[in-house]
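K.L.:
Got a structure for you, my_file.cif, holding mmCIF, C-alpha atoms.
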data_upload
#
loop_
_atom_site.label_atom_id
_atom_site.label_comp_id
_atom_site.auth_asym_id
_atom_site.auth_seq_id
_atom_site.Cartn_x
_atom_site.Cartn_y
_atom_site.Cartn_z
CA MET A 1 -18.96 -132.42 93.26
CA SER A 2 -21.84 -133.71 95.30
CA PRO A 3 -24.94 -131.64 94.58
CA LEU A 4 -25.64 -131.55 98.28
CA ARG A 5 -22.13 -130.89 99.56
CA ARG A 6 -22.78 -127.23 100.24
CA THR A 7 -25.15 -128.11 103.04
CA PRO A 8 -24.40 -130.51 105.87
CA VAL A 9 -26.94 -133.19 105.08
CA ALA A 10 -25.39 -136.28 106.61
CA ASP A 11 -27.22 -135.92 109.91
CA ARG A 12 -30.63 -134.68 108.86
CA PRO A 13 -33.36 -135.67 106.41
CA LEU A 14 -33.58 -133.83 103.10
CA SER A 15 -36.37 -131.41 102.34
CA CYS A 16 -38.65 -131.83 99.32
CA GLY A 17 -36.91 -128.86 97.70
CA GLU A 18 -33.50 -130.48 98.06
CA VAL A 19 -34.77 -133.77 96.69
CA GLY A 20 -36.42 -131.96 93.78
CA LYS A 21 -33.10 -130.43 92.79
CA VAL A 22 -31.34 -133.78 92.47
CA LEU A 23 -34.24 -136.07 91.55
CA GLN A 24 -33.42 -136.38 87.84
CA ARG A 25 -29.75 -137.00 88.53
CA TYR A 26 -30.80 -139.61 91.08
CA LEU A 27 -33.00 -141.24 88.43
CA ASP A 28 -30.06 -141.33 86.01
CA GLY A 29 -27.70 -142.75 88.62
CA HIS A 30 -25.52 -139.65 88.57
CA VAL A 31 -25.42 -138.80 92.27
CA ASP A 32 -22.87 -139.87 94.84
CA GLU A 33 -23.58 -142.59 97.36
CA LEU A 34 -24.45 -140.27 100.25
CA THR A 35 -26.90 -138.27 98.15
CA ALA A 36 -28.51 -141.46 96.80
CA GLU A 37 -28.99 -142.76 100.35
CA LYS A 38 -30.52 -139.51 101.58
CA VAL A 39 -32.86 -139.27 98.60
CA ALA A 40 -33.96 -142.90 98.98
CA GLU A 41 -34.60 -142.24 102.68
CA HIS A 42 -36.76 -139.22 101.83
CA LEU A 43 -38.67 -141.11 99.14
CA GLU A 44 -39.66 -143.81 101.62
CA ASP A 45 -41.76 -141.32 103.55
CA CYS A 46 -42.75 -138.65 101.02
CA ARG A 47 -45.57 -139.60 98.65
CA ARG A 48 -45.33 -136.34 96.73
CA CYS A 49 -41.66 -136.80 95.83
CA GLY A 50 -42.27 -140.51 95.24
CA LEU A 51 -44.93 -139.62 92.70
CA GLU A 52 -42.59 -137.13 91.07
CA LEU A 53 -39.97 -139.85 90.71
CA THR A 54 -42.59 -142.16 89.19
CA VAL A 55 -43.50 -139.50 86.62
CA TYR A 56 -39.90 -139.02 85.53
CA THR A 57 -39.25 -142.76 85.56
CA GLU A 58 -42.19 -143.27 83.19
CA ILE A 59 -41.04 -140.43 80.93
CA LYS A 60 -37.59 -141.99 80.73
CA ALA A 61 -39.09 -145.43 80.03
CA SER A 62 -41.37 -144.00 77.35
CA LEU A 63 -38.42 -142.32 75.64
CA ALA A 64 -36.47 -145.58 75.75
CA ARG A 65 -39.38 -147.30 73.99
CA GLN A 66 -38.99 -144.80 71.15
CA SER A 67 -35.51 -146.02 70.38
CA PRO A 68 -35.49 -146.72 66.65
CA GLU A 69 -34.76 -150.29 65.69
CA ILE A 70 -31.21 -150.58 64.49
CA PRO A 71 -31.23 -152.22 61.05
CA GLU A 72 -29.29 -155.48 61.39
CA THR A 73 -28.15 -155.32 57.78
CA ALA A 74 -26.52 -151.92 58.35
CA LEU A 75 -24.93 -153.18 61.54
CA ASP A 76 -23.55 -156.27 59.77
CA ARG A 77 -22.17 -154.16 56.94
CA LEU A 78 -20.41 -151.85 59.40
CA ARG A 79 -18.92 -154.75 61.37
CA ARG A 80 -17.61 -156.28 58.12
CA PHE A 81 -16.27 -152.87 57.12
CA GLY A 82 -14.33 -152.65 60.39
CA GLU A 83 -12.98 -156.17 59.96
CA GLN A 84 -11.91 -155.34 56.41
CA LEU A 85 -9.99 -152.32 57.66
CA ILE A 86 -7.94 -154.71 59.78
CA ASP A 87 -7.57 -157.29 57.01
CA ARG A 88 -6.34 -154.71 54.54
CA SER A 89 -3.64 -153.33 56.79
CA PRO A 90 -0.07 -154.39 55.92
CA GLU A 91 1.24 -157.45 57.68
CA PRO A 92 3.53 -156.54 60.56
CA GLU A 93 7.16 -157.54 60.10
CA PRO A 94 7.94 -160.75 61.94
CA LEU A 95 10.28 -160.21 64.87
CA ASP A 96 13.01 -162.42 63.43
CA GLY A 97 11.90 -161.73 59.90
CA PRO A 98 13.61 -161.60 56.57
CA PRO A 99 17.33 -160.95 56.39
CA ASP A 100 18.38 -157.36 56.23
CA THR A 101 18.39 -156.30 52.58
CA GLU A 102 19.75 -152.84 53.19
CA PRO A 103 22.78 -152.14 51.01
CA ASP A 104 26.02 -152.06 52.88
CA MET B 1 1.37 -154.11 74.08
CA LEU B 2 -1.37 -154.40 71.45
CA THR B 3 -0.74 -153.98 67.76
CA ASP B 4 -2.88 -151.34 66.04
CA ASP B 5 -5.09 -154.06 64.56
CA GLU B 6 -5.58 -155.72 67.94
CA ALA B 7 -6.35 -152.35 69.54
CA PHE B 8 -8.88 -151.59 66.80
CA GLU B 9 -10.52 -154.97 67.26
CA ARG B 10 -10.67 -154.58 71.03
CA HIS B 11 -11.69 -150.92 71.33
CA VAL B 12 -13.58 -150.04 68.15
CA LEU B 13 -15.49 -153.06 66.85
CA PRO B 14 -17.51 -153.60 70.08
CA GLU B 15 -18.77 -150.00 69.84
CA VAL B 16 -20.18 -150.23 66.30
CA GLU B 17 -23.78 -150.54 67.48
CA VAL B 18 -23.54 -147.56 69.85
CA MET B 19 -21.89 -145.50 67.10
CA LEU B 20 -24.66 -146.41 64.66
CA ARG B 21 -27.37 -145.57 67.20
CA VAL B 22 -25.83 -142.17 67.93
CA ALA B 23 -25.22 -141.52 64.23
CA MET B 24 -28.89 -142.22 63.53
CA SER B 25 -29.85 -139.64 66.14
CA LEU B 26 -27.50 -137.10 64.61
CA THR B 27 -28.39 -137.70 60.95
CA ARG B 28 -31.97 -139.01 61.28
CA ASN B 29 -31.28 -141.19 58.28
CA THR B 30 -29.92 -144.74 58.16
CA ALA B 31 -27.83 -144.30 55.00
CA ASP B 32 -26.20 -141.10 56.26
CA ALA B 33 -25.68 -142.72 59.66
CA GLU B 34 -23.93 -145.68 58.06
CA ASP B 35 -21.66 -143.35 56.07
CA LEU B 36 -20.87 -141.40 59.23
CA VAL B 37 -19.91 -144.53 61.17
CA GLN B 38 -17.71 -145.73 58.30
CA ASP B 39 -16.01 -142.34 58.25
CA THR B 40 -15.55 -142.54 62.02
CA MET B 41 -14.02 -146.02 61.80
CA ILE B 42 -11.57 -144.91 59.12
CA ARG B 43 -10.50 -141.95 61.28
CA ALA B 44 -10.29 -144.18 64.35
CA TYR B 45 -8.16 -146.70 62.46
CA GLY B 46 -5.78 -143.93 61.44
CA ALA B 47 -5.52 -142.65 65.01
CA ILE B 48 -5.56 -145.91 66.97
CA GLY B 49 -1.76 -145.86 67.39
CA ARG B 50 -2.06 -142.65 69.41
CA PHE B 51 -5.04 -143.82 71.51
CA ASP B 52 -4.15 -144.72 75.10
CA GLY B 53 -6.88 -147.35 75.42
CA ARG B 54 -8.85 -145.50 78.10
CA HIS B 55 -12.54 -144.71 77.58
CA PRO B 56 -12.80 -145.97 74.00
CA ARG B 57 -16.48 -145.01 73.70
CA ALA B 58 -15.81 -141.39 74.65
CA TRP B 59 -12.87 -141.32 72.23
CA LEU B 60 -14.96 -142.74 69.39
CA LEU B 61 -17.92 -140.45 70.06
CA THR B 62 -15.61 -137.44 69.89
CA ILE B 63 -14.28 -138.66 66.54
CA LEU B 64 -17.84 -139.25 65.38
CA ARG B 65 -18.84 -135.73 66.37
CA ASN B 66 -15.92 -134.23 64.46
CA ALA B 67 -16.65 -136.41 61.45
CA ASN B 68 -20.25 -135.26 61.53
CA ILE B 69 -19.26 -131.60 61.69
CA ASN B 70 -17.06 -132.10 58.64
CA ARG B 71 -19.72 -133.76 56.58
CA HIS B 72 -21.06 -131.49 53.90
CA ARG B 73 -23.88 -133.68 52.80
CA ARG B 74 -27.16 -131.97 53.47
CA ARG B 75 -29.22 -133.89 55.98
CA ARG B 76 -32.42 -135.15 54.59
CA PRO B 77 -35.53 -134.20 56.50
CA GLU B 78 -37.25 -137.58 56.89
CA LEU B 79 -37.82 -138.34 60.52
CA ILE B 80 -37.12 -141.74 61.92
CA ARG B 81 -39.89 -141.33 64.39
CA ASP B 82 -43.45 -141.12 63.18
CA ALA B 83 -44.65 -137.73 64.37
CA ASP B 84 -47.87 -137.98 62.33
CA ARG B 85 -48.84 -141.12 64.14
CA ALA B 86 -48.32 -139.33 67.44
CA ASP B 87 -50.55 -136.47 66.37
CA ARG B 88 -53.28 -138.87 65.18
CA LEU B 89 -53.23 -140.65 68.51
CA LEU B 90 -53.43 -137.37 70.34
CA GLU B 91 -56.60 -136.46 68.48
CA SER B 92 -58.38 -139.31 70.21
CA GLU B 93 -59.84 -138.72 73.61
CA THR B 94 -57.28 -138.61 76.37
CA PRO B 95 -57.81 -140.26 79.74
CA HIS B 96 -57.27 -138.03 82.74
CA ALA B 97 -55.11 -138.81 85.70
CA SER B 98 -56.42 -138.38 89.17
CA ALA B 99 -54.31 -136.43 91.63
CA GLU B 100 -52.04 -139.39 92.27
CA ASP B 101 -52.17 -141.39 89.05
CA VAL B 102 -49.78 -141.75 86.18
CA VAL B 103 -51.65 -143.07 83.15
CA VAL B 104 -49.16 -144.99 81.07
CA GLY B 105 -50.16 -146.38 77.70
CA GLU B 106 -50.14 -145.63 73.99
CA THR B 107 -51.42 -142.08 74.54
CA PHE B 108 -48.73 -141.46 77.14
CA ASP B 109 -46.04 -142.52 74.66
CA ALA B 110 -47.61 -140.46 71.87
CA THR B 111 -47.71 -137.39 74.10
CA VAL B 112 -44.08 -137.87 75.10
CA GLN B 113 -43.12 -138.26 71.43
CA SER B 114 -45.05 -135.17 70.43
CA ALA B 115 -43.51 -133.16 73.29
CA LEU B 116 -40.06 -134.36 72.22
CA ASP B 117 -40.68 -133.33 68.63
CA HIS B 118 -41.68 -129.85 69.81
CA LEU B 119 -38.58 -129.29 71.94
CA PRO B 120 -35.92 -126.86 70.74
CA ASP B 121 -33.15 -128.77 68.92
CA ARG B 122 -30.57 -128.23 71.65
CA PHE B 123 -32.87 -129.87 74.21
CA ARG B 124 -34.14 -132.62 71.91
CA ARG B 125 -30.64 -133.79 70.96
CA VAL B 126 -29.63 -134.29 74.58
CA VAL B 127 -32.80 -136.27 75.35
CA GLU B 128 -32.24 -138.44 72.28
CA LEU B 129 -28.64 -139.20 73.23
CA VAL B 130 -29.29 -139.93 76.92
CA ASP B 131 -32.81 -141.34 77.16
CA ILE B 132 -33.23 -142.90 73.71
CA ASP B 133 -29.68 -143.92 72.79
CA GLY B 134 -28.69 -144.70 76.38
CA LEU B 135 -25.51 -142.60 76.66
CA GLY B 136 -24.21 -141.28 79.96
CA TYR B 137 -23.99 -137.56 80.67
CA GLN B 138 -20.27 -137.37 79.82
CA GLU B 139 -20.71 -139.40 76.62
CA ALA B 140 -23.49 -137.09 75.47
CA ALA B 141 -21.26 -134.12 76.27
CA ASP B 142 -18.52 -135.67 74.10
CA VAL B 143 -20.91 -136.09 71.16
CA LEU B 144 -22.28 -132.57 71.44
CA GLY B 145 -19.00 -130.87 72.33
CA VAL B 146 -20.51 -129.11 75.34
CA PRO B 147 -19.69 -129.25 79.07
CA ILE B 148 -21.35 -131.98 81.13
CA GLY B 149 -23.19 -129.31 83.14
CA THR B 150 -24.85 -128.12 79.95
CA VAL B 151 -25.99 -131.67 79.19
CA MET B 152 -27.54 -132.00 82.65
CA SER B 153 -29.23 -128.63 82.51
CA ARG B 154 -30.70 -129.20 79.04
CA LEU B 155 -31.77 -132.75 79.82
CA HIS B 156 -33.53 -131.84 83.03
CA ARG B 157 -35.27 -128.85 81.54
CA ALA B 158 -36.33 -130.90 78.54
CA ARG B 159 -37.87 -133.58 80.74
CA GLN B 160 -39.63 -130.88 82.76
CA ARG B 161 -41.17 -129.59 79.53
CA ILE B 162 -42.29 -133.10 78.59
CA ARG B 163 -43.74 -133.45 82.08
CA THR B 164 -45.66 -130.19 81.64
CA ARG B 165 -47.17 -131.48 78.36
CA LEU B 166 -48.20 -134.71 80.05
CA ALA B 167 -49.84 -132.79 82.88
CA ALA B 168 -51.68 -130.57 80.39
CA ALA B 169 -52.96 -133.74 78.70
CA GLY B 170 -54.18 -135.05 82.05
CA LEU B 171 -51.83 -138.04 81.98
CA VAL B 172 -49.83 -137.14 85.07
CA PRO B 173 -50.72 -134.96 88.03
CA GLY B 174 -49.78 -131.30 87.81
CA LYS B 175 -46.76 -130.16 89.75
CA HIS B 176 -47.58 -129.21 93.32
#
As structure tokens - that is how I would like this structure written.
P.N.:
Amino acid sequence: MSPLRRTPVADRPLSCGEVGKVLQRYLDGHVDELTAEKVAEHLEDCRRCGLELTVYTEIKASLARQSPEIPETALDRLRRFGEQLIDRSPEPEPLDGPPDTEPD
Amino acid sequence: MLTDDEAFERHVLPEVEVMLRVAMSLTRNTADAEDLVQDTMIRAYGAIGRFDGRHPRAWLLTILRNANINRHRRRRPELIRDADRADRLLESETPHASAEDVVVGETFDATVQSALDHLPDRFRRVVELVDIDGLGYQEAADVLGVPIGTVMSRLHRARQRIRTRLAAAGLVPGKH
């Protein structure tokens, strides 16, 4: 559900309070199109909310920089492990395979 | 119609890196993470015939979560992230933001890391999955086994706490 659906927002600008409630979801791309448009509209004119968005954007970017490096050797081993699971599985029976050996 | 092997190759193998990243967040240890992903792949291989092919990442992350719950190995306490380094950096003098500045740099990152390390586990895990590992809200909810609303609430409150620490350190303006 749209976070702003309870109030008729289509025809009026959003208040700072309304923007504050959805700002983090907006940052994460988890708001609907109408909400995103209204927030972007508000941010064009409101320095205070714009600064708030900058703060959260920088926090998110800083956290992304803390992503631990994935060890390539571990990744390679796991990919080989997955491939071996496939290789080890029994061969499927060919469609027009061996003659029926069931006893009569 | 795909064979089980083809389905595994198409839906599971491309997600190995995401699974390893999430497993590292959950176990905080590369060896344990690798074991967990292997376990997940074995379970996924056994269940691939019943998988409908929709949202493979969500399906795999749910399997990974269940595999993690069933693991009895005690998690070792070494942290992947260097909290000591963060604390050392924080001991140095901190620049102060003016009313409309955001001071981004090594101290900013160290403060964020320190704030993250001090969050309650239930908040920290959501931040790690979404902001560090790059999962969406629903994917994080699948890993944690909680409703998506809980993920949003915890994530937003966690970031607010990090923001408060940054403001206290003079790196971002205080909230109006």
K.L.:
So which residues touch segment 42-49 of chain A within 10 Å, counting only C-alpha atoms, skipping near sequence neighbours fewer than 2 positions away, as a list in words?
P.N.:
Pro13, Leu14, Ser15, Cys16, Gly17, Val19, Gly20, Leu23, Ala36, Glu37, Lys38, Val39, Ala40, Leu51, Glu52, Leu53, Thr54 and Val55 of chain A; Glu100, Lys175 and His176 of chain B
K.L.:
Per residue of chain A within 7 Å of chain B, record the nearest atom pair and its distance in Å to one decimal, counting all atoms listed in the file, with rows in chain order and ascending residue number, as a Markdown table.
P.N.:
| residue | atom | partner | partner_atom | distance |
| --- | --- | --- | --- | --- |
| A:Gln24 | CA | B:His156 | CA | 6.6 |
| A:Val55 | CA | B:Val102 | CA | 6.7 |
| A:Lys60 | CA | B:Asp131 | CA | 6.0 |
| A:Ser62 | CA | B:Asp109 | CA | 5.6 |
| A:Leu63 | CA | B:Ile132 | CA | 5.6 |
| A:Ala64 | CA | B:Ile132 | CA | 4.7 |
| A:Gln66 | CA | B:Ile132 | CA | 6.6 |
| A:Ser67 | CA | B:Ile132 | CA | 5.1 |
| A:Ile70 | CA | B:Arg21 | CA | 6.9 |
| A:Ala74 | CA | B:Glu34 | CA | 6.8 |
| A:Leu75 | CA | B:Glu17 | CA | 6.6 |
| A:Leu78 | CA | B:Gln38 | CA | 6.8 |
| A:Arg79 | CA | B:Leu13 | CA | 6.7 |
| A:Gly82 | CA | B:Leu13 | CA | 6.6 |
| A:Ile86 | CA | B:Asp5 | CA | 5.6 |
K.L.:
Which one is closest to Asp39 of chain B: B:Asn66, B:Thr150, B:Thr164, B:Gln138? Count only C-alpha atoms.
P.N.:
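Of all the options, B:Asn66 lies closest to Asp39 of chain B.
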K.L.:
One number please: atom CA of Leu36 of chain B to atom CA of Ala67 of chain B, in Å, one decimal.
P.N.:
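Computing the Euclidean distance for atom CA of Leu36 of chain B and atom CA of Ala67 of chain B yields 6.9 Å.
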K.L.:
Would you mind telling me which residue in A:Glu83, A:Glu41, A:Thr57, A:Pro68 lies nearest to Leu27 of chain A when using all atoms listed in the file?
P.N.:
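Smallest separation from Leu27 of chain A among the options: A:Thr57.
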K.L.:
Could you please determine the separation between atom CA of Ala140 of chain B and atom CA of Thr73 of chain A in Å, to one decimal place?
P.N.:
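Going from atom CA of Ala140 of chain B over to atom CA of Thr73 of chain A, I get 25.8 Å.
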K.L.:
Provide the atom CA of Gly49 of chain B to atom CA of His11 of chain B distance in Å, to one decimal place.
P.N.:
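Computing it gives 11.8 Å between the two atoms.
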K.L.:
Name every residue that the PyMOL selection byres ((chain B and resi 57) around 8) selects in this structure, writing the answer as a PyMOL selection string with chains first and numbers rising.
P.N.:
chain B and resi 11+15+55-56+58-61+139
K.L.:
Would you please work out which residue, of B:Val126, B:Val143, B:Ala168, B:Ala47, is nearest to Leu64 of chain B when using all atoms listed in the file?
P.N.:
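The answer is B:Val143, which sits nearest to Leu64 of chain B.
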